[in-house]
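Asker: To start, I am sharing the structure in question, which I have written as C-alpha cells.
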Amino acid sequence: MKVQDIYDFLGEKAPYDTCEEWDNVGLLVGSGYLPVTRVLVALDATDGALEAAKAIGADLIITHHPVIFNGMKRLDADSIPYRLAAAGISAISAHTNLDKAAGGVNDVLAARLGLTDVEIAADGITRIGTLPEEMGADAFAAHAAEALGMPVRAAGEKPVKKVAVCGGGGGGFIAACFGLADCFVTGEVKHHEWLYAAGHINVIDGGHYSTEVPVVDTLCGWLTEAFPDLQVVPYHEGECFSVVK
C-alpha cells in the first residue's frame, strides 16, 4: 500500500478542493509513492503525536489541523514538518474539507449531541438538527458537557429543540443561525460574538479540541474498513491547557 492510496481514499470521503481558500490540506509531508503499513490519526501534529507515531513505527500521520498552515520561508530542524520528514513519516491533513464532508467533523458532533434530521446550513459547514425532546437551556448545556466530556461555557435562556453545530472555531457562523436554531454549539466564541448573540440564540462553547476530536475515531473507522490490512491507531492527546478555579 502507498501513501497515494490513502490520499486518494480520503479525497473521496472529503474532497480536497472543497476546503476554504485560506486552508492548506492534502499531502503536506512526504510522497505518494512511499509505502504505508501503520498510520497514526490525530487532531494535531504535536510533539506528543510525533512521538506516538514513532513509537508504533508509523509511516504516515493523518491530522485534522494542517501540519503546514502558513507559508514557510525556512524549515527549522525543530519544526514538526522537518522532524516528520527526518523520521520518514508522511503527513496528510484534512481540515475544512473534513468539516464540510458527509460524516465528517460536524456530522460527528451533531451525532454526539443526539441530533436527528440533520441538515447542512447555507455556509456548507454548520449543521442544524433536532433534539428528540425540547430541553431547558441549563439542561441542554449539561447534556452537551456530558456528551463532549468537558465543561462548557453557556449563555442564553431559551428552551432548546433545534441546535446548530460547528466544531472548532465556529463563532463567526452564529449570526447566520439566528431564527434557524435555538442554540449554537461550537468550540471557540469571541467576546463580541457572545454579546451579539444575546437575546437571539443560546450559545455553547465546548472547546476547540472537544468539539473536533471525535472525528479522529471516525477517520480510524473509515480507514480500517477500507484498508483491513492497515494498522490504524488513534491518538487522543487531550486539551492543551488546564482549568484553574
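Chain identifiers are assigned as A, B, and so on, following the order in which chains appear in the C-alpha cells; residues are numbered from 1 within each chain, and ligands are numbered from 1 in order of appearance.
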Using only C-alpha atoms, which protein or nucleic acid residues come within 10 Å of Ala198 (chain A)? Drop anything in the same chain fewer than 6 positions from it, and give the result as a PDB file with N, CA and C atoms, in the first residue's frame.
Answerer:
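Okay, result.pdb is ready:
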ATOM      1  N   ALA A 155     -24.504  30.440  27.362  1.00  0.00           N
ATOM      2  CA  ALA A 155     -25.256  31.675  27.545  1.00  0.00           C
ATOM      3  C   ALA A 155     -26.613  31.516  26.867  1.00  0.00           C
ATOM      4  N   GLY A 156     -27.637  32.198  27.420  1.00  0.00           N
ATOM      5  CA  GLY A 156     -28.969  32.144  26.844  1.00  0.00           C
ATOM      6  C   GLY A 156     -29.915  31.336  27.698  1.00  0.00           C
ATOM      7  N   GLU A 157     -31.175  31.664  27.605  1.00  0.00           N
ATOM      8  CA  GLU A 157     -32.178  31.027  28.454  1.00  0.00           C
ATOM      9  C   GLU A 157     -33.313  30.394  27.662  1.00  0.00           C
TER      10      GLU A 157
END
Asker: Excluding Val185 (chain A) and residues on its chain fewer than 2 positions from it, collect all residues at most 10 Å away from it, counting only C-alpha atoms, and give them as a VMD selection string.
Answerer: chain A and resid 109 to 110 113 126 to 127 141 144 152 to 154 163 to 168 170 to 171 174 183 187 to 189 202 to 207 211
Asker: Would you save the residues of that selection, restricted to N, CA and C atoms, as a compact mmCIF listing (two decimals), in the first residue's frame?
Answerer:
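Result file follows (again-v8.txt):
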# COMPACT_ATOMS: atom_id res chain seq x y z
N LEU A 109 -20.16 15.64 15.36
CA LEU A 109 -20.55 16.45 16.51
C LEU A 109 -22.06 16.44 16.71
N ALA A 110 -22.81 16.56 15.62
CA ALA A 110 -24.26 16.52 15.70
C ALA A 110 -24.74 15.19 16.27
N LEU A 113 -24.22 14.85 20.00
CA LEU A 113 -25.21 15.58 20.78
C LEU A 113 -26.60 14.98 20.66
N THR A 126 -21.76 24.43 8.85
CA THR A 126 -22.64 24.27 10.00
C THR A 126 -23.73 23.24 9.71
N ARG A 127 -24.06 22.44 10.74
CA ARG A 127 -25.18 21.51 10.67
C ARG A 127 -26.27 21.98 11.63
N ALA A 141 -27.21 22.48 28.22
CA ALA A 141 -25.79 22.76 28.47
C ALA A 141 -25.14 21.61 29.22
N ALA A 144 -24.69 18.77 26.80
CA ALA A 144 -23.55 19.00 25.90
C ALA A 144 -22.23 18.72 26.62
N VAL A 152 -18.46 23.14 29.72
CA VAL A 152 -18.76 24.06 28.63
C VAL A 152 -19.06 25.43 29.18
N ARG A 153 -18.94 26.44 28.34
CA ARG A 153 -19.41 27.79 28.66
C ARG A 153 -20.73 27.99 27.93
N ALA A 154 -21.71 28.55 28.61
CA ALA A 154 -23.04 28.64 28.01
C ALA A 154 -23.69 29.98 28.31
N VAL A 163 -30.86 22.72 17.12
CA VAL A 163 -29.48 23.01 17.51
C VAL A 163 -28.60 23.11 16.27
N ALA A 164 -27.81 24.17 16.21
CA ALA A 164 -26.80 24.32 15.15
C ALA A 164 -25.44 23.97 15.73
N VAL A 165 -24.60 23.28 14.96
CA VAL A 165 -23.28 22.90 15.45
C VAL A 165 -22.21 23.23 14.42
N CYS A 166 -21.08 23.69 14.93
CA CYS A 166 -19.90 23.90 14.09
C CYS A 166 -18.68 23.70 14.98
N GLY A 167 -18.02 22.56 14.84
CA GLY A 167 -16.87 22.25 15.67
C GLY A 167 -15.73 23.21 15.44
N GLY A 168 -14.89 23.38 16.46
CA GLY A 168 -13.72 24.25 16.34
C GLY A 168 -14.10 25.71 16.43
N GLY A 170 -15.99 28.14 15.31
CA GLY A 170 -17.17 28.43 14.50
C GLY A 170 -17.97 29.64 14.95
N GLY A 171 -17.43 30.46 15.83
CA GLY A 171 -18.18 31.60 16.35
C GLY A 171 -18.67 32.55 15.27
N ILE A 174 -22.36 32.08 13.97
CA ILE A 174 -23.51 32.13 14.88
C ILE A 174 -24.63 32.99 14.32
N CYS A 183 -30.12 27.06 19.72
CA CYS A 183 -28.80 27.06 20.36
C CYS A 183 -27.73 26.76 19.33
N GLY A 187 -16.75 25.53 19.21
CA GLY A 187 -15.58 25.30 20.04
C GLY A 187 -14.84 26.55 20.45
N GLU A 188 -15.15 27.69 19.83
CA GLU A 188 -14.49 28.94 20.19
C GLU A 188 -15.45 30.09 19.92
N VAL A 189 -15.70 30.91 20.93
CA VAL A 189 -16.58 32.06 20.78
C VAL A 189 -15.85 33.30 21.30
N ASN A 202 -29.22 30.91 22.00
CA ASN A 202 -28.33 30.38 23.04
C ASN A 202 -27.00 29.99 22.39
N VAL A 203 -25.94 30.07 23.16
CA VAL A 203 -24.61 29.70 22.64
C VAL A 203 -23.91 28.81 23.66
N ILE A 204 -23.27 27.76 23.16
CA ILE A 204 -22.44 26.89 23.99
C ILE A 204 -21.06 26.77 23.36
N ASP A 205 -20.05 27.08 24.15
CA ASP A 205 -18.66 26.93 23.74
C ASP A 205 -18.12 25.68 24.44
N GLY A 206 -17.93 24.62 23.66
CA GLY A 206 -17.48 23.35 24.23
C GLY A 206 -16.00 23.10 24.12
N GLY A 207 -15.26 24.08 23.60
CA GLY A 207 -13.81 23.92 23.44
C GLY A 207 -13.44 23.40 22.06
N THR A 211 -14.80 19.62 20.63
CA THR A 211 -15.83 19.58 19.58
C THR A 211 -15.32 18.97 18.28
Asker: Which residues are near region 45-62 of chain A? Cut-off 6 Å, only C-alpha atoms, ignore same chain within fewer than 6 positions. Put them as a PyMOL selection string.
Answerer: chain A and resi 36+38-39+89-93
Asker: Have a look at A:Ala176, A:Asp107, A:Glu134, A:His143 and name the one nearest to Pro159 (chain A); count only C-alpha atoms.
Answerer: A:Glu134
Asker: Can you work out the spacing between CA of Val29 (chain A) and CA of Leu43 (chain A) in Å, to one decimal?
Answerer: 16.1 Å
Asker: To one decimal in Å, tell me the separation between CA of Asp123 (chain A) and CA of Gly11 (chain A).
Answerer: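 Atom-to-atom, CA of Asp123 (chain A) and CA of Gly11 (chain A) are spaced 20.6 Å apart.
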Asker: A:Gly103, A:Thr224, A:Gly30, A:Asp23: which is nearest Ala86 (chain A), counting only C-alpha atoms?
Answerer: A:Gly30
Asker: Using only C-alpha atoms for the distances, tell me which of A:Val108, A:Val243, A:Ala145, A:Ala181 is nearest to Leu131 (chain A).
Answerer: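 Smallest distance to Leu131 (chain A) is found for A:Ala181.
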Asker: From region 3-238 of chain A, collect each residue whose DSSP state is alpha helix (DSSP H) and return the set as a ChimeraX atom specification.
Answerer: /A:3-13,47-56,80-86,96-100,105-112,137-148,191-197,208-212,214-226
Asker: Between A:Ala142, A:Ile80, A:Leu10, A:Met150, which is the closest to Tyr209 (chain A) once you count only C-alpha atoms?
Answerer: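 Under the stated criterion, the closest residue is A:Met150.
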Asker: Tell me which of A:Asp117, A:Glu146, A:Pro15, A:Gly32 sits closest to Val3 (chain A), counting only C-alpha atoms.
Answerer: A:Gly32
Asker: Just the strand (DSSP E or B) stuff from region 11-227 of chain A, please, per backbone DSSP, written as a compact mmCIF listing (two decimals) with N, CA and C atoms, in the first residue's frame.
Answerer:
# COMPACT_ATOMS: atom_id res chain seq x y z
N GLY A 26 -4.32 18.19 2.31
CA GLY A 26 -3.75 17.19 1.41
C GLY A 26 -2.46 16.61 1.93
N LEU A 27 -1.62 16.13 1.01
CA LEU A 27 -0.33 15.54 1.37
C LEU A 27 0.67 16.67 1.58
N LEU A 28 1.02 16.93 2.84
CA LEU A 28 1.85 18.08 3.18
C LEU A 28 3.29 17.71 3.50
N VAL A 29 3.54 16.44 3.81
CA VAL A 29 4.90 15.95 4.05
C VAL A 29 5.01 14.58 3.41
N PRO A 35 5.67 3.65 0.84
CA PRO A 35 4.83 2.56 1.36
C PRO A 35 4.28 2.89 2.74
N ARG A 38 1.52 1.32 8.75
CA ARG A 38 0.94 1.80 10.00
C ARG A 38 0.64 3.29 9.90
N VAL A 39 -0.52 3.69 10.45
CA VAL A 39 -0.96 5.09 10.40
C VAL A 39 -1.38 5.55 11.79
N LEU A 40 -0.97 6.74 12.16
CA LEU A 40 -1.46 7.38 13.38
C LEU A 40 -2.42 8.48 12.96
N VAL A 41 -3.58 8.54 13.61
CA VAL A 41 -4.58 9.57 13.32
C VAL A 41 -4.72 10.47 14.54
N ALA A 42 -4.57 11.77 14.34
CA ALA A 42 -4.60 12.72 15.45
C ALA A 42 -5.29 14.00 15.02
N LEU A 60 2.88 7.06 8.32
CA LEU A 60 2.01 8.16 7.93
C LEU A 60 1.24 8.66 9.15
N ILE A 61 1.09 9.97 9.24
CA ILE A 61 0.23 10.57 10.25
C ILE A 61 -0.85 11.35 9.51
N ILE A 62 -2.08 11.18 9.95
CA ILE A 62 -3.21 11.91 9.38
C ILE A 62 -3.75 12.83 10.46
N THR A 63 -3.84 14.12 10.15
CA THR A 63 -4.32 15.10 11.12
C THR A 63 -5.48 15.90 10.54
N SER A 90 5.24 10.42 6.51
CA SER A 90 4.46 11.33 5.68
C SER A 90 3.30 11.91 6.48
N ALA A 91 2.71 12.98 5.97
CA ALA A 91 1.59 13.62 6.68
C ALA A 91 0.52 14.07 5.69
N ILE A 92 -0.72 13.68 5.99
CA ILE A 92 -1.88 14.15 5.24
C ILE A 92 -2.79 14.89 6.21
N SER A 93 -3.26 16.06 5.81
CA SER A 93 -4.17 16.83 6.66
C SER A 93 -5.49 17.07 5.93
N THR A 116 -31.10 14.71 15.39
CA THR A 116 -31.67 13.97 14.25
C THR A 116 -32.11 14.96 13.18
N ASP A 117 -32.48 14.42 12.02
CA ASP A 117 -32.92 15.26 10.89
C ASP A 117 -31.91 16.38 10.63
N VAL A 118 -30.66 16.00 10.58
CA VAL A 118 -29.57 16.98 10.44
C VAL A 118 -29.48 17.47 9.00
N GLU A 119 -29.40 18.80 8.85
CA GLU A 119 -29.28 19.43 7.55
C GLU A 119 -28.03 20.31 7.50
N ILE A 120 -27.56 20.56 6.29
CA ILE A 120 -26.39 21.43 6.10
C ILE A 120 -26.87 22.86 5.94
N ARG A 127 -24.06 22.44 10.74
CA ARG A 127 -25.18 21.51 10.67
C ARG A 127 -26.27 21.98 11.63
N ILE A 128 -27.52 21.76 11.24
CA ILE A 128 -28.66 22.09 12.09
C ILE A 128 -29.52 20.85 12.23
N GLY A 129 -29.75 20.44 13.48
CA GLY A 129 -30.53 19.24 13.74
C GLY A 129 -31.51 19.45 14.87
N THR A 130 -32.22 18.40 15.21
CA THR A 130 -33.31 18.48 16.17
C THR A 130 -33.10 17.49 17.31
N LEU A 131 -33.35 17.94 18.52
CA LEU A 131 -33.31 17.06 19.68
C LEU A 131 -34.58 16.21 19.73
N PRO A 132 -34.50 15.01 20.28
CA PRO A 132 -35.70 14.17 20.40
C PRO A 132 -36.80 14.86 21.20
N GLU A 133 -36.39 15.62 22.24
CA GLU A 133 -37.34 16.35 23.06
C GLU A 133 -36.75 17.71 23.41
N GLU A 134 -37.61 18.69 23.56
CA GLU A 134 -37.16 20.02 23.96
C GLU A 134 -36.54 19.96 25.35
N MET A 135 -35.47 20.73 25.53
CA MET A 135 -34.78 20.78 26.82
C MET A 135 -34.65 22.22 27.26
N ARG A 153 -18.94 26.44 28.34
CA ARG A 153 -19.41 27.79 28.66
C ARG A 153 -20.73 27.99 27.93
N ALA A 154 -21.71 28.55 28.61
CA ALA A 154 -23.04 28.64 28.01
C ALA A 154 -23.69 29.98 28.31
N ALA A 155 -24.50 30.44 27.36
CA ALA A 155 -25.26 31.67 27.55
C ALA A 155 -26.61 31.52 26.87
N VAL A 160 -34.52 24.65 24.27
CA VAL A 160 -33.74 24.19 23.11
C VAL A 160 -34.38 22.97 22.46
N LYS A 161 -34.67 23.09 21.18
CA LYS A 161 -35.16 21.97 20.37
C LYS A 161 -34.31 21.84 19.10
N LYS A 162 -34.11 22.97 18.40
CA LYS A 162 -33.27 22.99 17.20
C LYS A 162 -31.87 23.45 17.59
N VAL A 163 -30.86 22.72 17.12
CA VAL A 163 -29.48 23.01 17.51
C VAL A 163 -28.60 23.11 16.27
N ALA A 164 -27.81 24.17 16.21
CA ALA A 164 -26.80 24.32 15.15
C ALA A 164 -25.44 23.97 15.73
N VAL A 165 -24.60 23.28 14.96
CA VAL A 165 -23.28 22.90 15.45
C VAL A 165 -22.21 23.23 14.42
N CYS A 166 -21.08 23.69 14.93
CA CYS A 166 -19.90 23.90 14.09
C CYS A 166 -18.68 23.70 14.98
N CYS A 183 -30.12 27.06 19.72
CA CYS A 183 -28.80 27.06 20.36
C CYS A 183 -27.73 26.76 19.33
N PHE A 184 -26.59 27.41 19.47
CA PHE A 184 -25.44 27.19 18.59
C PHE A 184 -24.30 26.62 19.43
N VAL A 185 -23.82 25.44 19.03
CA VAL A 185 -22.73 24.78 19.75
C VAL A 185 -21.47 24.82 18.89
N THR A 186 -20.39 25.35 19.45
CA THR A 186 -19.13 25.43 18.72
C THR A 186 -17.97 25.26 19.70
N ASN A 202 -29.22 30.91 22.00
CA ASN A 202 -28.33 30.38 23.04
C ASN A 202 -27.00 29.99 22.39
N VAL A 203 -25.94 30.07 23.16
CA VAL A 203 -24.61 29.70 22.64
C VAL A 203 -23.91 28.81 23.66
N ILE A 204 -23.27 27.76 23.16
CA ILE A 204 -22.44 26.89 23.99
C ILE A 204 -21.06 26.77 23.36
N ASP A 205 -20.05 27.08 24.15
CA ASP A 205 -18.66 26.93 23.74
C ASP A 205 -18.12 25.68 24.44
Asker: Need the shell around Ile125 (chain A): protein/DNA/RNA residues with any atom at most 9 Å away, counting only C-alpha atoms. Skip same-chain ones fewer than 3 positions apart. Format as a VMD selection string?
Answerer: chain A and resid 96 99 to 101 106 120 to 122 165 to 166
Asker: Take the selection from the previous step and output its residues with N, CA and C atoms, as a PDB file, in the first residue's frame.
Answerer:
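Heads up, here's the output in selection.pdb:
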ATOM      1  N   THR A  96     -10.763  21.979   6.624  1.00  0.00           N
ATOM      2  CA  THR A  96     -12.123  22.446   6.326  1.00  0.00           C
ATOM      3  C   THR A  96     -12.852  21.533   5.344  1.00  0.00           C
ATOM      4  N   ASP A  99     -14.437  19.268   7.699  1.00  0.00           N
ATOM      5  CA  ASP A  99     -15.537  19.945   8.377  1.00  0.00           C
ATOM      6  C   ASP A  99     -16.816  19.848   7.546  1.00  0.00           C
ATOM      7  N   LYS A 100     -16.672  19.991   6.243  1.00  0.00           N
ATOM      8  CA  LYS A 100     -17.819  20.019   5.336  1.00  0.00           C
ATOM      9  C   LYS A 100     -18.303  18.629   4.934  1.00  0.00           C
ATOM     10  N   ALA A 101     -17.439  17.638   5.010  1.00  0.00           N
ATOM     11  CA  ALA A 101     -17.717  16.315   4.448  1.00  0.00           C
ATOM     12  C   ALA A 101     -18.881  15.606   5.128  1.00  0.00           C
ATOM     13  N   ASN A 106     -18.525  17.895  11.612  1.00  0.00           N
ATOM     14  CA  ASN A 106     -19.770  18.455  12.131  1.00  0.00           C
ATOM     15  C   ASN A 106     -20.921  17.460  12.157  1.00  0.00           C
ATOM     16  N   ILE A 120     -27.564  20.564   6.292  1.00  0.00           N
ATOM     17  CA  ILE A 120     -26.392  21.426   6.097  1.00  0.00           C
ATOM     18  C   ILE A 120     -26.866  22.862   5.943  1.00  0.00           C
ATOM     19  N   ALA A 121     -26.282  23.773   6.718  1.00  0.00           N
ATOM     20  CA  ALA A 121     -26.632  25.185   6.625  1.00  0.00           C
ATOM     21  C   ALA A 121     -26.070  25.790   5.342  1.00  0.00           C
ATOM     22  N   ALA A 122     -26.476  27.011   5.066  1.00  0.00           N
ATOM     23  CA  ALA A 122     -26.087  27.674   3.817  1.00  0.00           C
ATOM     24  C   ALA A 122     -24.584  27.852   3.686  1.00  0.00           C
ATOM     25  N   VAL A 165     -24.605  23.283  14.963  1.00  0.00           N
ATOM     26  CA  VAL A 165     -23.276  22.902  15.452  1.00  0.00           C
ATOM     27  C   VAL A 165     -22.208  23.232  14.421  1.00  0.00           C
ATOM     28  N   CYS A 166     -21.075  23.686  14.931  1.00  0.00           N
ATOM     29  CA  CYS A 166     -19.898  23.901  14.092  1.00  0.00           C
ATOM     30  C   CYS A 166     -18.677  23.700  14.976  1.00  0.00           C
TER      31      CYS A 166
END
